[in-house]
$ cat run.tsv   # TSV, N, CA and C atoms
chain	number	residue	atom	x	y	z
A	1	MET	N	-29.53	-65.90	121.86
A	1	MET	CA	-28.69	-64.96	122.56
A	1	MET	C	-29.49	-63.68	122.80
A	2	VAL	N	-29.50	-63.22	124.01
A	2	VAL	CA	-30.15	-61.97	124.38
A	2	VAL	C	-29.07	-60.90	124.49
A	3	PHE	N	-29.27	-59.78	123.80
A	3	PHE	CA	-28.32	-58.68	123.85
A	3	PHE	C	-28.81	-57.61	124.82
A	4	ALA	N	-27.88	-57.03	125.54
A	4	ALA	CA	-28.21	-55.96	126.47
A	4	ALA	C	-28.72	-54.75	125.70
A	5	ASP	N	-29.63	-54.02	126.30
A	5	ASP	CA	-30.12	-52.76	125.74
A	5	ASP	C	-29.08	-51.69	126.09
A	6	VAL	N	-28.23	-51.38	125.13
A	6	VAL	CA	-27.09	-50.49	125.38
A	6	VAL	C	-27.54	-49.07	125.72
A	7	GLU	N	-28.61	-48.59	125.10
A	7	GLU	CA	-29.11	-47.25	125.44
A	7	GLU	C	-29.42	-47.17	126.94
A	8	THR	N	-30.15	-48.15	127.43
A	8	THR	CA	-30.52	-48.17	128.85
A	8	THR	C	-29.30	-48.39	129.73
A	9	LEU	N	-28.42	-49.31	129.34
A	9	LEU	CA	-27.21	-49.58	130.11
A	9	LEU	C	-26.39	-48.32	130.29
A	10	VAL	N	-26.15	-47.58	129.21
A	10	VAL	CA	-25.33	-46.37	129.27
A	10	VAL	C	-26.06	-45.28	130.05
A	11	ALA	N	-27.36	-45.10	129.80
A	11	ALA	CA	-28.12	-44.05	130.50
A	11	ALA	C	-28.13	-44.30	132.00
A	12	GLU	N	-28.42	-45.52	132.41
A	12	GLU	CA	-28.46	-45.82	133.85
A	12	GLU	C	-27.08	-45.64	134.48
A	13	TRP	N	-26.03	-46.03	133.79
A	13	TRP	CA	-24.68	-45.87	134.34
A	13	TRP	C	-24.31	-44.39	134.45
A	14	LEU	N	-24.60	-43.60	133.39
A	14	LEU	CA	-24.27	-42.18	133.44
A	14	LEU	C	-25.00	-41.46	134.57
A	15	ARG	N	-26.24	-41.89	134.88
A	15	ARG	CA	-26.97	-41.27	135.99
A	15	ARG	C	-26.19	-41.39	137.30
A	16	THR	N	-25.45	-42.48	137.46
A	16	THR	CA	-24.68	-42.67	138.69
A	16	THR	C	-23.37	-41.90	138.68
A	17	GLN	N	-22.94	-41.42	137.52
A	17	GLN	CA	-21.64	-40.77	137.39
A	17	GLN	C	-21.73	-39.24	137.33
A	18	LEU	N	-22.84	-38.72	136.82
A	18	LEU	CA	-22.99	-37.28	136.64
A	18	LEU	C	-23.69	-36.64	137.83
A	19	ASP	N	-23.58	-35.34	137.92
A	19	ASP	CA	-24.25	-34.58	138.95
A	19	ASP	C	-25.75	-34.90	138.90
A	20	PRO	N	-26.40	-35.05	140.06
A	20	PRO	CA	-27.82	-35.41	140.06
A	20	PRO	C	-28.74	-34.37	139.42
A	21	THR	N	-28.25	-33.17	139.16
A	21	THR	CA	-29.08	-32.17	138.48
A	21	THR	C	-29.17	-32.42	136.98
A	22	VAL	N	-28.33	-33.32	136.45
A	22	VAL	CA	-28.34	-33.64	135.02
A	22	VAL	C	-29.36	-34.74	134.77
A	23	THR	N	-30.27	-34.50	133.83
A	23	THR	CA	-31.23	-35.51	133.41
A	23	THR	C	-30.56	-36.39	132.36
A	24	VAL	N	-30.64	-37.71	132.53
A	24	VAL	CA	-30.07	-38.64	131.56
A	24	VAL	C	-31.19	-39.57	131.10
A	25	ARG	N	-31.38	-39.64	129.79
A	25	ARG	CA	-32.47	-40.44	129.22
A	25	ARG	C	-32.02	-41.17	127.97
A	26	ALA	N	-32.80	-42.20	127.62
A	26	ALA	CA	-32.57	-42.93	126.38
A	26	ALA	C	-33.51	-42.46	125.28
A	27	GLU	N	-34.23	-41.37	125.52
A	27	GLU	CA	-35.06	-40.73	124.50
A	27	GLU	C	-35.30	-39.29	124.92
A	28	LEU	N	-35.58	-38.44	123.95
A	28	LEU	CA	-35.84	-37.04	124.27
A	28	LEU	C	-37.17	-36.89	125.01
A	29	PRO	N	-37.20	-36.04	126.03
A	29	PRO	CA	-38.46	-35.78	126.72
A	29	PRO	C	-39.33	-34.85	125.86
A	30	ASP	N	-40.59	-34.71	126.24
A	30	ASP	CA	-41.49	-33.81	125.52
A	30	ASP	C	-40.97	-32.37	125.53
A	31	SER	N	-40.39	-31.96	126.66
A	31	SER	CA	-39.86	-30.61	126.76
A	31	SER	C	-38.38	-30.67	127.15
A	32	VAL	N	-37.52	-30.45	126.16
A	32	VAL	CA	-36.08	-30.44	126.42
A	32	VAL	C	-35.73	-29.31	127.38
A	33	LYS	N	-36.33	-28.15	127.18
A	33	LYS	CA	-36.01	-26.98	128.00
A	33	LYS	C	-36.24	-27.25	129.49
A	34	LEU	N	-37.32	-27.95	129.82
A	34	LEU	CA	-37.63	-28.24	131.22
A	34	LEU	C	-36.70	-29.29	131.82
A	35	ALA	N	-35.99	-30.04	130.97
A	35	ALA	CA	-35.13	-31.13	131.45
A	35	ALA	C	-33.65	-30.76	131.46
A	36	THR	N	-33.26	-29.57	131.00
A	36	THR	CA	-31.85	-29.23	130.93
A	36	THR	C	-31.28	-28.99	132.32
A	37	PRO	N	-30.01	-29.32	132.52
A	37	PRO	CA	-29.13	-29.97	131.56
A	37	PRO	C	-29.57	-31.41	131.30
A	38	LEU	N	-29.43	-31.84	130.05
A	38	LEU	CA	-29.95	-33.12	129.60
A	38	LEU	C	-28.90	-33.86	128.78
A	39	VAL	N	-28.81	-35.16	129.01
A	39	VAL	CA	-27.99	-36.06	128.19
A	39	VAL	C	-28.94	-37.10	127.62
A	40	CYS	N	-28.91	-37.29	126.30
A	40	CYS	CA	-29.78	-38.26	125.64
A	40	CYS	C	-28.93	-39.26	124.86
A	41	ILE	N	-29.17	-40.55	125.07
A	41	ILE	CA	-28.42	-41.64	124.44
A	41	ILE	C	-29.32	-42.30	123.41
A	42	GLU	N	-28.82	-42.50	122.19
A	42	GLU	CA	-29.61	-43.18	121.17
A	42	GLU	C	-28.71	-44.06	120.31
A	43	ARG	N	-29.06	-45.33	120.22
A	43	ARG	CA	-28.33	-46.27	119.36
A	43	ARG	C	-28.71	-46.00	117.91
A	44	PHE	N	-27.70	-46.01	117.02
A	44	PHE	CA	-28.02	-45.83	115.60
A	44	PHE	C	-27.45	-46.93	114.73
A	45	GLY	N	-26.90	-47.95	115.30
A	45	GLY	CA	-26.40	-49.05	114.50
A	45	GLY	C	-25.41	-49.88	115.27
A	46	GLY	N	-24.62	-50.63	114.51
A	46	GLY	CA	-23.64	-51.51	115.10
A	46	GLY	C	-23.64	-52.85	114.39
A	47	SER	N	-22.93	-53.80	114.97
A	47	SER	CA	-22.86	-55.13	114.36
A	47	SER	C	-22.65	-56.17	115.44
A	48	ASP	N	-22.84	-57.43	115.07
A	48	ASP	CA	-22.62	-58.53	116.00
A	48	ASP	C	-21.96	-59.70	115.27
A	49	ARG	N	-20.75	-59.47	114.77
A	49	ARG	CA	-20.03	-60.46	113.97
A	49	ARG	C	-19.66	-61.71	114.76
A	50	LEU	N	-19.41	-61.57	116.05
A	50	LEU	CA	-19.07	-62.72	116.90
A	50	LEU	C	-20.24	-63.02	117.83
A	51	PRO	N	-20.54	-64.29	118.07
A	51	PRO	CA	-21.65	-64.62	118.97
A	51	PRO	C	-21.46	-63.96	120.33
A	52	GLY	N	-22.49	-63.26	120.77
A	52	GLY	CA	-22.46	-62.65	122.09
A	52	GLY	C	-21.75	-61.31	122.18
A	53	VAL	N	-21.09	-60.87	121.11
A	53	VAL	CA	-20.37	-59.59	121.14
A	53	VAL	C	-21.14	-58.58	120.29
A	54	ASP	N	-21.62	-57.55	120.95
A	54	ASP	CA	-22.41	-56.51	120.28
A	54	ASP	C	-21.55	-55.26	120.17
A	55	ARG	N	-21.27	-54.84	118.95
A	55	ARG	CA	-20.50	-53.61	118.70
A	55	ARG	C	-21.51	-52.53	118.34
A	56	THR	N	-21.94	-51.78	119.33
A	56	THR	CA	-23.01	-50.82	119.13
A	56	THR	C	-22.46	-49.44	118.77
A	57	ALA	N	-23.24	-48.70	118.02
A	57	ALA	CA	-22.93	-47.30	117.73
A	57	ALA	C	-24.01	-46.47	118.40
A	58	ILE	N	-23.59	-45.50	119.21
A	58	ILE	CA	-24.55	-44.64	119.90
A	58	ILE	C	-24.22	-43.18	119.65
A	59	ASP	N	-25.27	-42.38	119.60
A	59	ASP	CA	-25.16	-40.93	119.60
A	59	ASP	C	-25.42	-40.46	121.02
A	60	VAL	N	-24.65	-39.49	121.45
A	60	VAL	CA	-24.90	-38.82	122.73
A	60	VAL	C	-25.14	-37.35	122.41
A	61	ASP	N	-26.30	-36.87	122.78
A	61	ASP	CA	-26.64	-35.46	122.63
A	61	ASP	C	-26.77	-34.86	124.02
A	62	VAL	N	-26.20	-33.68	124.20
A	62	VAL	CA	-26.38	-32.94	125.45
A	62	VAL	C	-27.04	-31.62	125.14
A	63	PHE	N	-27.87	-31.18	126.05
A	63	PHE	CA	-28.58	-29.91	125.93
A	63	PHE	C	-28.34	-29.13	127.21
A	64	ALA	N	-27.97	-27.87	127.08
A	64	ALA	CA	-27.69	-27.05	128.26
A	64	ALA	C	-27.98	-25.59	127.94
A	65	ASP	N	-28.09	-24.80	128.99
A	65	ASP	CA	-28.29	-23.36	128.84
A	65	ASP	C	-26.94	-22.72	128.56
A	66	GLY	N	-26.67	-22.42	127.32
A	66	GLY	CA	-25.41	-21.79	126.94
A	66	GLY	C	-24.41	-22.77	126.36
A	67	ASN	N	-23.62	-22.27	125.43
A	67	ASN	CA	-22.64	-23.11	124.73
A	67	ASN	C	-21.55	-23.63	125.66
A	68	GLY	N	-21.10	-22.80	126.59
A	68	GLY	CA	-20.05	-23.22	127.51
A	68	GLY	C	-20.49	-24.40	128.37
A	69	ALA	N	-21.72	-24.35	128.85
A	69	ALA	CA	-22.25	-25.44	129.67
A	69	ALA	C	-22.42	-26.71	128.84
A	70	ALA	N	-22.87	-26.57	127.59
A	70	ALA	CA	-23.03	-27.73	126.72
A	70	ALA	C	-21.68	-28.35	126.39
A	71	LYS	N	-20.67	-27.52	126.11
A	71	LYS	CA	-19.32	-28.03	125.84
A	71	LYS	C	-18.76	-28.79	127.04
A	72	ALA	N	-18.93	-28.22	128.22
A	72	ALA	CA	-18.41	-28.86	129.42
A	72	ALA	C	-19.10	-30.20	129.68
A	73	LEU	N	-20.41	-30.25	129.45
A	73	LEU	CA	-21.16	-31.49	129.71
A	73	LEU	C	-20.78	-32.58	128.72
A	74	ILE	N	-20.67	-32.28	127.42
A	74	ILE	CA	-20.30	-33.33	126.47
A	74	ILE	C	-18.87	-33.79	126.70
A	75	ALA	N	-17.98	-32.88	127.11
A	75	ALA	CA	-16.60	-33.28	127.41
A	75	ALA	C	-16.56	-34.21	128.61
A	76	LYS	N	-17.37	-33.93	129.63
A	76	LYS	CA	-17.43	-34.80	130.82
A	76	LYS	C	-17.97	-36.17	130.45
A	77	VAL	N	-19.04	-36.21	129.66
A	77	VAL	CA	-19.62	-37.48	129.24
A	77	VAL	C	-18.61	-38.29	128.44
A	78	ARG	N	-17.92	-37.64	127.51
A	78	ARG	CA	-16.91	-38.34	126.71
A	78	ARG	C	-15.81	-38.92	127.58
A	79	GLU	N	-15.32	-38.14	128.52
A	79	GLU	CA	-14.26	-38.62	129.41
A	79	GLU	C	-14.74	-39.82	130.23
A	80	LEU	N	-15.96	-39.75	130.75
A	80	LEU	CA	-16.50	-40.87	131.53
A	80	LEU	C	-16.66	-42.13	130.68
A	81	LEU	N	-17.24	-41.97	129.49
A	81	LEU	CA	-17.44	-43.14	128.62
A	81	LEU	C	-16.12	-43.78	128.24
A	82	ARG	N	-15.14	-42.96	127.87
A	82	ARG	CA	-13.86	-43.51	127.39
A	82	ARG	C	-13.01	-44.11	128.51
A	83	THR	N	-13.05	-43.51	129.70
A	83	THR	CA	-12.11	-43.95	130.74
A	83	THR	C	-12.74	-44.78	131.86
A	84	GLN	N	-14.05	-44.63	132.09
A	84	GLN	CA	-14.67	-45.30	133.23
A	84	GLN	C	-15.68	-46.40	132.86
A	85	LEU	N	-16.33	-46.30	131.71
A	85	LEU	CA	-17.35	-47.29	131.35
A	85	LEU	C	-16.76	-48.67	131.02
A	86	PRO	N	-15.60	-48.78	130.34
A	86	PRO	CA	-15.07	-50.12	130.08
A	86	PRO	C	-14.85	-50.89	131.39
A	87	GLY	N	-15.34	-52.13	131.41
A	87	GLY	CA	-15.25	-52.96	132.60
A	87	GLY	C	-16.54	-52.97	133.40
A	88	HIS	N	-17.45	-52.03	133.11
A	88	HIS	CA	-18.73	-51.98	133.83
A	88	HIS	C	-19.56	-53.20	133.43
A	89	SER	N	-20.15	-53.85	134.43
A	89	SER	CA	-20.98	-55.03	134.19
A	89	SER	C	-22.37	-54.85	134.77
A	90	VAL	N	-23.33	-55.42	134.07
A	90	VAL	CA	-24.69	-55.58	134.55
A	90	VAL	C	-25.00	-57.06	134.36
A	91	PRO	N	-26.05	-57.58	134.99
A	91	PRO	CA	-26.35	-59.00	134.79
A	91	PRO	C	-26.45	-59.36	133.30
A	92	GLY	N	-25.60	-60.25	132.86
A	92	GLY	CA	-25.63	-60.73	131.49
A	92	GLY	C	-24.78	-59.98	130.49
A	93	ALA	N	-24.12	-58.89	130.90
A	93	ALA	CA	-23.35	-58.11	129.92
A	93	ALA	C	-22.21	-57.34	130.60
A	94	THR	N	-21.11	-57.22	129.87
A	94	THR	CA	-19.96	-56.42	130.33
A	94	THR	C	-19.48	-55.55	129.18
A	95	VAL	N	-19.27	-54.27	129.47
A	95	VAL	CA	-18.71	-53.35	128.48
A	95	VAL	C	-17.21	-53.59	128.43
A	96	SER	N	-16.69	-53.90	127.25
A	96	SER	CA	-15.25	-54.18	127.16
A	96	SER	C	-14.46	-53.05	126.52
A	97	GLN	N	-15.12	-52.23	125.70
A	97	GLN	CA	-14.36	-51.20	124.99
A	97	GLN	C	-15.29	-50.06	124.58
A	98	VAL	N	-14.75	-48.83	124.63
A	98	VAL	CA	-15.46	-47.67	124.14
A	98	VAL	C	-14.50	-46.87	123.29
A	99	SER	N	-14.91	-46.52	122.07
A	99	SER	CA	-14.06	-45.67	121.23
A	99	SER	C	-14.93	-44.57	120.61
A	100	THR	N	-14.29	-43.47	120.30
A	100	THR	CA	-15.00	-42.33	119.72
A	100	THR	C	-15.09	-42.50	118.21
A	101	ILE	N	-16.29	-42.41	117.68
A	101	ILE	CA	-16.51	-42.44	116.23
A	101	ILE	C	-16.45	-41.02	115.68
A	102	LEU	N	-17.13	-40.11	116.36
A	102	LEU	CA	-17.21	-38.70	115.96
A	102	LEU	C	-17.11	-37.86	117.22
A	103	GLY	N	-16.08	-37.05	117.31
A	103	GLY	CA	-15.83	-36.27	118.51
A	103	GLY	C	-16.86	-35.17	118.74
A	104	GLU	N	-16.67	-34.48	119.83
A	104	GLU	CA	-17.58	-33.43	120.27
A	104	GLU	C	-17.76	-32.35	119.20
A	105	HIS	N	-19.02	-31.97	118.99
A	105	HIS	CA	-19.31	-30.92	118.01
A	105	HIS	C	-20.69	-30.33	118.27
A	106	ARG	N	-20.92	-29.15	117.70
A	106	ARG	CA	-22.22	-28.48	117.82
A	106	ARG	C	-23.23	-29.16	116.91
A	107	ARG	N	-24.44	-29.30	117.41
A	107	ARG	CA	-25.54	-29.83	116.62
A	107	ARG	C	-26.67	-28.80	116.65
A	108	GLU	N	-27.33	-28.64	115.53
A	108	GLU	CA	-28.40	-27.64	115.41
A	108	GLU	C	-29.54	-27.96	116.36
A	109	TRP	N	-30.19	-26.90	116.85
A	109	TRP	CA	-31.36	-27.04	117.71
A	109	TRP	C	-32.21	-25.79	117.53
A	110	ASP	N	-33.52	-25.94	117.53
A	110	ASP	CA	-34.43	-24.84	117.25
A	110	ASP	C	-34.50	-23.77	118.33
A	111	ASP	N	-34.26	-24.12	119.57
A	111	ASP	CA	-34.38	-23.18	120.67
A	111	ASP	C	-33.05	-22.43	120.84
A	112	SER	N	-33.06	-21.12	120.62
A	112	SER	CA	-31.81	-20.36	120.66
A	112	SER	C	-31.25	-20.22	122.07
A	113	ALA	N	-32.05	-20.44	123.10
A	113	ALA	CA	-31.55	-20.35	124.48
A	113	ALA	C	-30.90	-21.65	124.93
A	114	THR	N	-31.24	-22.75	124.30
A	114	THR	CA	-30.69	-24.06	124.66
A	114	THR	C	-29.67	-24.46	123.61
A	115	ARG	N	-28.50	-24.87	124.05
A	115	ARG	CA	-27.44	-25.31	123.13
A	115	ARG	C	-27.37	-26.83	123.13
A	116	ARG	N	-27.13	-27.38	121.95
A	116	ARG	CA	-27.03	-28.83	121.75
A	116	ARG	C	-25.65	-29.15	121.22
A	117	ARG	N	-24.99	-30.11	121.85
A	117	ARG	CA	-23.70	-30.61	121.37
A	117	ARG	C	-23.77	-32.12	121.41
A	118	GLY	N	-22.93	-32.77	120.62
A	118	GLY	CA	-22.99	-34.22	120.58
A	118	GLY	C	-21.69	-34.87	120.21
A	119	ALA	N	-21.70	-36.19	120.29
A	119	ALA	CA	-20.58	-37.03	119.90
A	119	ALA	C	-21.14	-38.43	119.65
A	120	SER	N	-20.39	-39.26	118.93
A	120	SER	CA	-20.81	-40.63	118.64
A	120	SER	C	-19.72	-41.59	119.09
A	121	PHE	N	-20.15	-42.74	119.59
A	121	PHE	CA	-19.22	-43.71	120.15
A	121	PHE	C	-19.56	-45.12	119.70
A	122	GLU	N	-18.55	-45.98	119.66
A	122	GLU	CA	-18.76	-47.41	119.51
A	122	GLU	C	-18.53	-48.03	120.88
A	123	ILE	N	-19.50	-48.81	121.32
A	123	ILE	CA	-19.40	-49.49	122.61
A	123	ILE	C	-19.49	-50.98	122.35
A	124	VAL	N	-18.46	-51.71	122.78
A	124	VAL	CA	-18.41	-53.15	122.60
A	124	VAL	C	-18.89	-53.80	123.90
A	125	VAL	N	-19.95	-54.62	123.79
A	125	VAL	CA	-20.54	-55.28	124.94
A	125	VAL	C	-20.48	-56.78	124.73
A	126	HIS	N	-19.95	-57.48	125.74
A	126	HIS	CA	-19.94	-58.95	125.74
A	126	HIS	C	-21.14	-59.41	126.52
A	127	ASN	N	-22.05	-60.13	125.84
A	127	ASN	CA	-23.28	-60.62	126.44
A	127	ASN	C	-23.10	-62.09	126.83
A	128	THR	N	-23.58	-62.45	128.01
A	128	THR	CA	-23.39	-63.82	128.48
A	128	THR	C	-24.67	-64.61	128.64
A	129	LEU	N	-25.82	-63.98	128.41
A	129	LEU	CA	-27.09	-64.71	128.53
A	129	LEU	C	-27.58	-65.16	127.19
$ encode --input "run.tsv" --output "structure tokens"
Amino acid sequence: MVFADVETLVAEWLRTQLDPTVTVRAELPDSVKLATPLVCIERFGGSDRLPGVDRTAIDVDVFADGNGAAKALIAKVRELLRTQLPGHSVPGATVSQVSTILGEHRREWDDSATRRRGASFEIVVHNTL
């Protein structure tokens, strides 16, 4: 059984949903400041108790100039993931469910001009290949 790369699946889908000025990646770039506003997707676990069903856990970090912009961006990402991502299909995989594990909150970041906020989600993907 081949499982979909959920980081890439979510990042590519979010690129089509967010304003084109937002950078969406599955890993942090060398310079976060040059890429803001930025959304970064990273898988940190999950399970596959049923054949073909991947219950992934992902962190979503957003970086923006100012706390208000970071709050607005993570809220938009959360709304899109929860309401629009379920049902999305790519060859070999369909997202069936998205739930929030840890809601929107501030995350520490070294650059005082750039604000970081994040949330964690469980994404259930049915794989068919």
$ atom_distance --input "run.tsv" --atom1 "atom N of Gln97 of chain A" --atom2 "atom N of Arg15 of chain A"
17.7 Å
$ residues_around --input "run.tsv" --residues "segment 45-47 of chain A" --least-positions-apart "5" --cutoff "5 Å" --atoms "all atoms listed in the file" --output "ChimeraX atom specification"
/A:54-57
$ closest_residue --input "run.tsv" --among "A:Glu79, A:Asp111, A:Glu42, A:Glu122" --to "Val98 of chain A" --atoms "all atoms listed in the file"
A:Glu122
$ select_by_dssp --input "run.tsv" --residues "segment 44-128 of chain A" --states "alpha helix (DSSP H)" --output "short mmCIF file (atom, residue, chain, number, x, y, z; two decimals) with N, CA and C atoms, keeping the file's coordinate frame"
data_model
loop_
_atom_site.label_atom_id
_atom_site.label_comp_id
_atom_site.auth_asym_id
_atom_site.auth_seq_id
_atom_site.Cartn_x
_atom_site.Cartn_y
_atom_site.Cartn_z
N ASN A 67 -23.62 -22.27 125.43
CA ASN A 67 -22.64 -23.11 124.73
C ASN A 67 -21.55 -23.63 125.66
N GLY A 68 -21.10 -22.80 126.59
CA GLY A 68 -20.05 -23.22 127.51
C GLY A 68 -20.49 -24.40 128.37
N ALA A 69 -21.72 -24.35 128.85
CA ALA A 69 -22.25 -25.44 129.67
C ALA A 69 -22.42 -26.71 128.84
N ALA A 70 -22.87 -26.57 127.59
CA ALA A 70 -23.03 -27.73 126.72
C ALA A 70 -21.68 -28.35 126.39
N LYS A 71 -20.67 -27.52 126.11
CA LYS A 71 -19.32 -28.03 125.84
C LYS A 71 -18.76 -28.79 127.04
N ALA A 72 -18.93 -28.22 128.22
CA ALA A 72 -18.41 -28.86 129.42
C ALA A 72 -19.10 -30.20 129.68
N LEU A 73 -20.41 -30.25 129.45
CA LEU A 73 -21.16 -31.49 129.71
C LEU A 73 -20.78 -32.58 128.72
N ILE A 74 -20.67 -32.28 127.42
CA ILE A 74 -20.30 -33.33 126.47
C ILE A 74 -18.87 -33.79 126.70
N ALA A 75 -17.98 -32.88 127.11
CA ALA A 75 -16.60 -33.28 127.41
C ALA A 75 -16.56 -34.21 128.61
N LYS A 76 -17.37 -33.93 129.63
CA LYS A 76 -17.43 -34.80 130.82
C LYS A 76 -17.97 -36.17 130.45
N VAL A 77 -19.04 -36.21 129.66
CA VAL A 77 -19.62 -37.48 129.24
C VAL A 77 -18.61 -38.29 128.44
N ARG A 78 -17.92 -37.64 127.51
CA ARG A 78 -16.91 -38.34 126.71
C ARG A 78 -15.81 -38.92 127.58
N GLU A 79 -15.32 -38.14 128.52
CA GLU A 79 -14.26 -38.62 129.41
C GLU A 79 -14.74 -39.82 130.23
N LEU A 80 -15.96 -39.75 130.75
CA LEU A 80 -16.50 -40.87 131.53
C LEU A 80 -16.66 -42.13 130.68
N LEU A 81 -17.24 -41.97 129.49
CA LEU A 81 -17.44 -43.14 128.62
C LEU A 81 -16.12 -43.78 128.24
N ARG A 82 -15.14 -42.96 127.87
CA ARG A 82 -13.86 -43.51 127.39
C ARG A 82 -13.01 -44.11 128.51
N THR A 83 -13.05 -43.51 129.70
CA THR A 83 -12.11 -43.95 130.74
C THR A 83 -12.74 -44.78 131.86
#
$ atom_distance --input "run.tsv" --atom1 "atom N of Val10 of chain A" --atom2 "atom N of Leu73 of chain A"
18.3 Å
$ axis_aligned_box --input "run.tsv" --around "segment 123-126 of chain A" --padding-each-side "4 Å" --output "AutoDock Vina command-line options"
--center_x -19.8 --center_y -54.1 --center_z 123.9 --size_x 10.7 --size_y 18.6 --size_z 13.2
$ atom_distance --input "run.tsv" --atom1 "atom CA of Arg107 of chain A" --atom2 "atom CA of Leu18 of chain A"
21.5 Å
